[in-house]
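Student: Below are the structure tokens for one structure; questions will follow.
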Amino acid sequence: MSNEDEQPENRLRKELPAEVPAPAPDAEQSAQERPEAALTGRQRLVKGLWPPRVTRAQLIVALLLFGLGFGLAVQVASNSDSDSALRGARQEDLVRILDELDDRTQRLEDEKQGLEKQRSELQSSSDQAAEARKQTAEKEKQLGILAGTVAAQGPGITITIDDAKGTVQADMLLDAIQELRAAGAEAIEVNGVRVVANTYLTDSGKSVSVDGNKINAPYRFKVIGKPQDLEPALNIPGGVVQTLEKEQAVVTVERSTKIVVDALRAAKRPDYARSSSQ
């Protein structure tokens, strides 16, 4: 058979290179490819993420975030120590703590009410107390004037008795003091000696002693009281002025709107008399 008689198919096969059989896979390569093909999708994901590939920038950011988180954790922990302690306490301990808080609250409330009551009492009685103190101070001054322990001033009269012959005796001066007291004299001073309730007068030669203090003529009385009552009481018929004039003494009475009685007497504690309120 000639070449021309060959089939076109056979002719094309001769023109193509011979088929080269594929090399058989390596045993080692097949061992590596088989596990890869056998991995599931989740396993392949984990294998892609680990080990992580961390850059320097990521490492710095991670450190900063760690430091910030640590600081916040410390602050929160310090603020919640008490809460943590309470959360970890037993039920009996919590009940006891609540009871103690209730008792303390009640004590503080009682103390508050007591203080408010004291404040109200002080406010309501402040005016009365101030008035009482004012009245007490005024009463003390009045008693001091009568007792001769404080100075006094006011309207009154001045009496001058000039005894040139020395005929005026202690009882005559005492009569004058008694008459002035009866007429409303509130403070009397004789030659620098304060006259009080227990004042006594005695003769001392041609002079007179007042409470042991010797005084000489002229005898000068400074008397605080209502002048319109004091002067007429001395000038009544047969009264002090006429009696002294019979002894040839010269008596002068002058009214004044301001008489100062500044002679003082030391306060003396009574030997026997005591206050009935003690």
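Identifiers for the structure tokens are assigned positionally: chains receive A, B, ... in sequence, residues are indexed from 1 per chain, and ligands are indexed from 1 in the order shown.
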I'd like the neighbourhood of A:Leu173 as number ranges by chain, where a residue qualifies if any of its atoms comes within 9 Å (using only C-alpha atoms), though same-chain residues fewer than 5 positions away should be ignored.

Tutor: A: 168, 178, 201, 208, 219, 240

Student: Write out, as CSV, each residue of stretch 112-198 of chain A that has an atom at most 12 Å from stretch 260-278 of chain A, together with the closest pair of atoms and their distance in Å to one decimal, counting only C-alpha atoms, rows going by chain and rising number.

Tutor:
```
residue,atom,partner,partner_atom,distance
A:Leu143,CA,A:Ala267,CA,11.0
A:Gly144,CA,A:Ala267,CA,9.0
A:Ile145,CA,A:Leu264,CA,9.3
A:Leu146,CA,A:Arg265,CA,10.4
A:Ala147,CA,A:Ala267,CA,7.4
A:Gly148,CA,A:Arg265,CA,5.2
A:Thr149,CA,A:Arg265,CA,5.2
A:Val150,CA,A:Leu264,CA,6.2
A:Ala151,CA,A:Asp262,CA,4.4
A:Ala152,CA,A:Val261,CA,5.2
A:Gln153,CA,A:Val260,CA,4.4
A:Gly154,CA,A:Val260,CA,6.8
A:Pro155,CA,A:Val260,CA,8.7
A:Gly156,CA,A:Val260,CA,9.2
A:Ile157,CA,A:Val260,CA,10.4
A:Thr158,CA,A:Val260,CA,10.3
A:Ala185,CA,A:Val261,CA,11.9
A:Glu186,CA,A:Val261,CA,10.3
A:Ala187,CA,A:Val261,CA,7.0
A:Ile188,CA,A:Val261,CA,7.0
A:Glu189,CA,A:Val261,CA,6.3
A:Val190,CA,A:Ala263,CA,9.1
A:Asn191,CA,A:Ala263,CA,9.3
A:Gly192,CA,A:Ala263,CA,5.8
A:Val193,CA,A:Ala263,CA,6.0
A:Arg194,CA,A:Ala263,CA,5.3
A:Val195,CA,A:Arg265,CA,8.7
A:Val196,CA,A:Arg265,CA,8.4
A:Ala197,CA,A:Arg265,CA,11.3
A:Asn198,CA,A:Lys268,CA,10.7
```

Student: Which residue out of A:Gly225, A:Pro218, A:Gly239, A:Gly212 has the minimum interatomic distance to A:Thr252 when only C-alpha atoms are used?

Tutor: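 Using only C-alpha atoms, A:Thr252 sits closest to A:Pro218.
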
Student: Looking only at the backbone, which of the residues in stretch 235-267 of chain A does DSSP tag as strand (DSSP E), as a list in words?

Tutor: Val250, Val251, Thr252, Val253, Glu254, Arg255, Ser256, Thr257, Lys258, Ile259, Val260 and Val261 of chain A

Student: Go ahead and write the residues just picked, all heavy atoms, as a short mmCIF file (atom, residue, chain, number, x, y, z; two decimals), in the first residue's frame.

Tutor:
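File part.cif, as written:
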```
data_model
loop_
_atom_site.label_atom_id
_atom_site.label_comp_id
_atom_site.auth_asym_id
_atom_site.auth_seq_id
_atom_site.Cartn_x
_atom_site.Cartn_y
_atom_site.Cartn_z
N VAL A 250 -24.76 128.73 161.41
CA VAL A 250 -25.29 129.32 160.17
C VAL A 250 -25.54 128.20 159.17
O VAL A 250 -24.62 127.44 158.83
CB VAL A 250 -24.30 130.35 159.58
CG1 VAL A 250 -24.87 130.93 158.28
CG2 VAL A 250 -24.01 131.46 160.60
N VAL A 251 -26.78 128.10 158.71
CA VAL A 251 -27.18 127.01 157.79
C VAL A 251 -27.54 127.60 156.44
O VAL A 251 -28.34 128.54 156.36
CB VAL A 251 -28.38 126.22 158.35
CG1 VAL A 251 -28.74 125.10 157.38
CG2 VAL A 251 -28.08 125.70 159.74
N THR A 252 -26.92 127.04 155.40
CA THR A 252 -27.20 127.48 154.02
C THR A 252 -27.64 126.26 153.21
O THR A 252 -26.97 125.23 153.22
CB THR A 252 -25.95 128.10 153.37
OG1 THR A 252 -25.48 129.17 154.20
CG2 THR A 252 -26.27 128.61 151.97
N VAL A 253 -28.75 126.41 152.48
CA VAL A 253 -29.30 125.33 151.63
C VAL A 253 -29.36 125.83 150.20
O VAL A 253 -29.97 126.89 149.94
CB VAL A 253 -30.68 124.89 152.12
CG1 VAL A 253 -31.22 123.78 151.22
CG2 VAL A 253 -30.63 124.43 153.57
N GLU A 254 -28.78 125.10 149.30
CA GLU A 254 -28.77 125.47 147.88
C GLU A 254 -29.28 124.29 147.04
O GLU A 254 -28.86 123.16 147.23
CB GLU A 254 -27.35 125.83 147.41
CG GLU A 254 -26.78 127.06 148.10
CD GLU A 254 -25.38 127.36 147.60
OE1 GLU A 254 -24.85 126.56 146.75
OE2 GLU A 254 -24.79 128.35 148.05
N ARG A 255 -30.19 124.60 146.13
CA ARG A 255 -30.68 123.59 145.21
C ARG A 255 -29.74 123.49 144.00
O ARG A 255 -29.10 124.46 143.62
CB ARG A 255 -32.09 123.93 144.74
CG ARG A 255 -33.12 123.95 145.85
CD ARG A 255 -34.51 124.16 145.26
NE ARG A 255 -35.53 124.24 146.30
CZ ARG A 255 -36.84 124.29 146.05
NH1 ARG A 255 -37.28 124.26 144.79
NH2 ARG A 255 -37.71 124.37 147.05
N SER A 256 -29.73 122.29 143.39
CA SER A 256 -28.88 122.09 142.21
C SER A 256 -29.50 121.00 141.34
O SER A 256 -30.16 120.07 141.85
CB SER A 256 -27.46 121.68 142.61
OG SER A 256 -26.69 121.40 141.47
N THR A 257 -29.28 121.13 140.03
CA THR A 257 -29.77 120.10 139.10
C THR A 257 -28.81 118.92 138.99
O THR A 257 -29.18 117.88 138.44
CB THR A 257 -29.99 120.70 137.71
OG1 THR A 257 -28.76 121.27 137.24
CG2 THR A 257 -31.06 121.80 137.75
N LYS A 258 -27.60 119.13 139.54
CA LYS A 258 -26.64 118.03 139.48
C LYS A 258 -25.79 118.04 140.74
O LYS A 258 -24.97 118.92 140.95
CB LYS A 258 -25.75 118.14 138.24
CG LYS A 258 -24.76 116.98 138.11
CD LYS A 258 -23.90 117.12 136.85
CE LYS A 258 -22.93 115.96 136.72
NZ LYS A 258 -22.07 116.09 135.51
N ILE A 259 -25.99 117.02 141.52
CA ILE A 259 -25.17 116.79 142.71
C ILE A 259 -24.42 115.48 142.50
O ILE A 259 -25.01 114.47 142.11
CB ILE A 259 -26.04 116.69 143.98
CG1 ILE A 259 -26.82 117.99 144.21
CG2 ILE A 259 -25.20 116.34 145.19
CD1 ILE A 259 -25.94 119.17 144.55
N VAL A 260 -23.13 115.48 142.76
CA VAL A 260 -22.30 114.28 142.59
C VAL A 260 -21.89 113.78 143.97
O VAL A 260 -21.24 114.51 144.74
CB VAL A 260 -21.06 114.57 141.73
CG1 VAL A 260 -20.19 113.31 141.62
CG2 VAL A 260 -21.46 115.05 140.34
N VAL A 261 -22.26 112.56 144.26
CA VAL A 261 -21.87 111.89 145.51
C VAL A 261 -20.92 110.77 145.11
O VAL A 261 -21.35 109.71 144.66
CB VAL A 261 -23.09 111.35 146.26
CG1 VAL A 261 -22.64 110.57 147.49
CG2 VAL A 261 -24.03 112.48 146.65
#
```

Student: Please report the interatomic distance between atom CA of A:Leu234 and atom CA of A:Ala183 in Å with one decimal.

Tutor: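 So the two atoms, atom CA of A:Leu234 and atom CA of A:Ala183, lie 9.0 Å apart.
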
Student: Could you state the separation of atom CA of A:Thr136 and atom CA of A:Thr199 in Å, given to one decimal place?

Tutor: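 We find that atom CA of A:Thr136 and atom CA of A:Thr199 lie 26.5 Å from each other.
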
Student: Interatomic distance between atom CA of A:Gly238 and atom CA of A:Asn213?

Tutor: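 Atom-to-atom, atom CA of A:Gly238 and atom CA of A:Asn213 are spaced 29.0 Å apart.
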